[in-house]
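Quick notes on the structure that follows.
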Amino acid sequence: MKLDNPSTIFKKVLQQGSILIAGIAAIGGLVGTLVAGAPGLLSALIGAGMTLVFVTLTATSVWLGSRLPIGGFFAIVMGAWIVKLVMFIVLVKLLLGVKEINGPVLFFTLIVAIMGTLVVDALVVTKSRMPIVEN
């Protein structure tokens, strides 16, 4: 896939990010099951799912914003950031009261998935060939 326009770049980010998160869900689920049983598995899957939703929101907002003038770009990206922040706070508050959730497994799955998707983002962007100056 030639990475020379925003659509192909964000498509690649979403594809590779999804594959990575699926792998993290599988490995995290296995480790979570070994460490904490069914709550560990559930926690790893929730952590991976949360990461997938947030990564998708980020990539989609930047992709949509790239089609707008600079003011629209910042409005879309900052709006998505605020939505993600509120969603994260609400999800954490909801999950704190659930006894079937293992906090450390959820936390470490989130951290590994977030760090992994940041690496995927960086690798895809560094391999892209988008012109930064137009004629």
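Residues are referred to by chain and number: the chain letter is A, B, ... according to the order shown in the structure tokens, the number counts from 1 in that chain, and ligands are numbered separately from 1 in the order shown.
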
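Near stretch 113-126 of chain A, within 7 Å and counting only C-alpha atoms, sit Ile9, Val13, Gln16, Gly17, Ile21, Ile24, Ala48 and Thr51 of chain A, not including residues fewer than 5 positions from it in the same chain.
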
key: Nearest residue to A:Val92 from the set A:Ala36, A:Leu110, A:Leu20, A:Leu30 (distances using only C-alpha atoms)   =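 Among the listed residues, the smallest separation from A:Val92 belongs to A:Leu110.
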
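With only C-alpha atoms as the atoms that count, the residue of A:Val35, A:Ala59, A:Leu45, A:Met50 with the shortest distance to A:Ile89 is A:Met50.
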
task = Any chance you could list, as a VMD selection string, the residues in chain A that come up alpha helix (DSSP H) when DSSP is run on the backbone?
result = chain A and resid 6 to 36 38 to 65 70 to 96 103 to 127

remark   = note - atom CA of A:Leu106 and atom CA of A:Ala25 are separated by 10.6 Å

task = Find the distance between atom CA of A:Ala26 and atom CA of A:Leu95 and write it in Å to one decimal.
result =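 Computed distance, atom CA of A:Ala26 to atom CA of A:Leu95, equals 20.8 Å.
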
key: Contact residues around stretch 63-74 of chain A with only C-alpha atoms at 8 Å, ignoring same-chain residues under 2 positions, as a ChimeraX atom specification   = /A:6-7,10,59-61,76-78

Shortest interatomic distance to A:Leu42 - which of A:Val90, A:Leu14, A:Ile101, A:Ile27, counting only C-alpha atoms =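 Of all the options, A:Ile101 lies closest to A:Leu42.
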
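If only C-alpha atoms are the atoms counted, then among A:Thr109, A:Thr8, A:Ser128, A:Ser18 the closest residue to A:Leu52 is A:Ser18.
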
key: Pairwise distance for atom CA of A:Lys11 and atom CA of A:Lys84, rounded to one decimal in Å   = 20.2 Å

inquiry  = Nearest residue to A:Lys99 out of A:Val55, A:Val112, A:Ile82, A:Ala38, using only C-alpha atoms?
reply    =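 Ranking A:Val55, A:Val112, A:Ile82, A:Ala38 by distance to A:Lys99, first place goes to A:Ala38.
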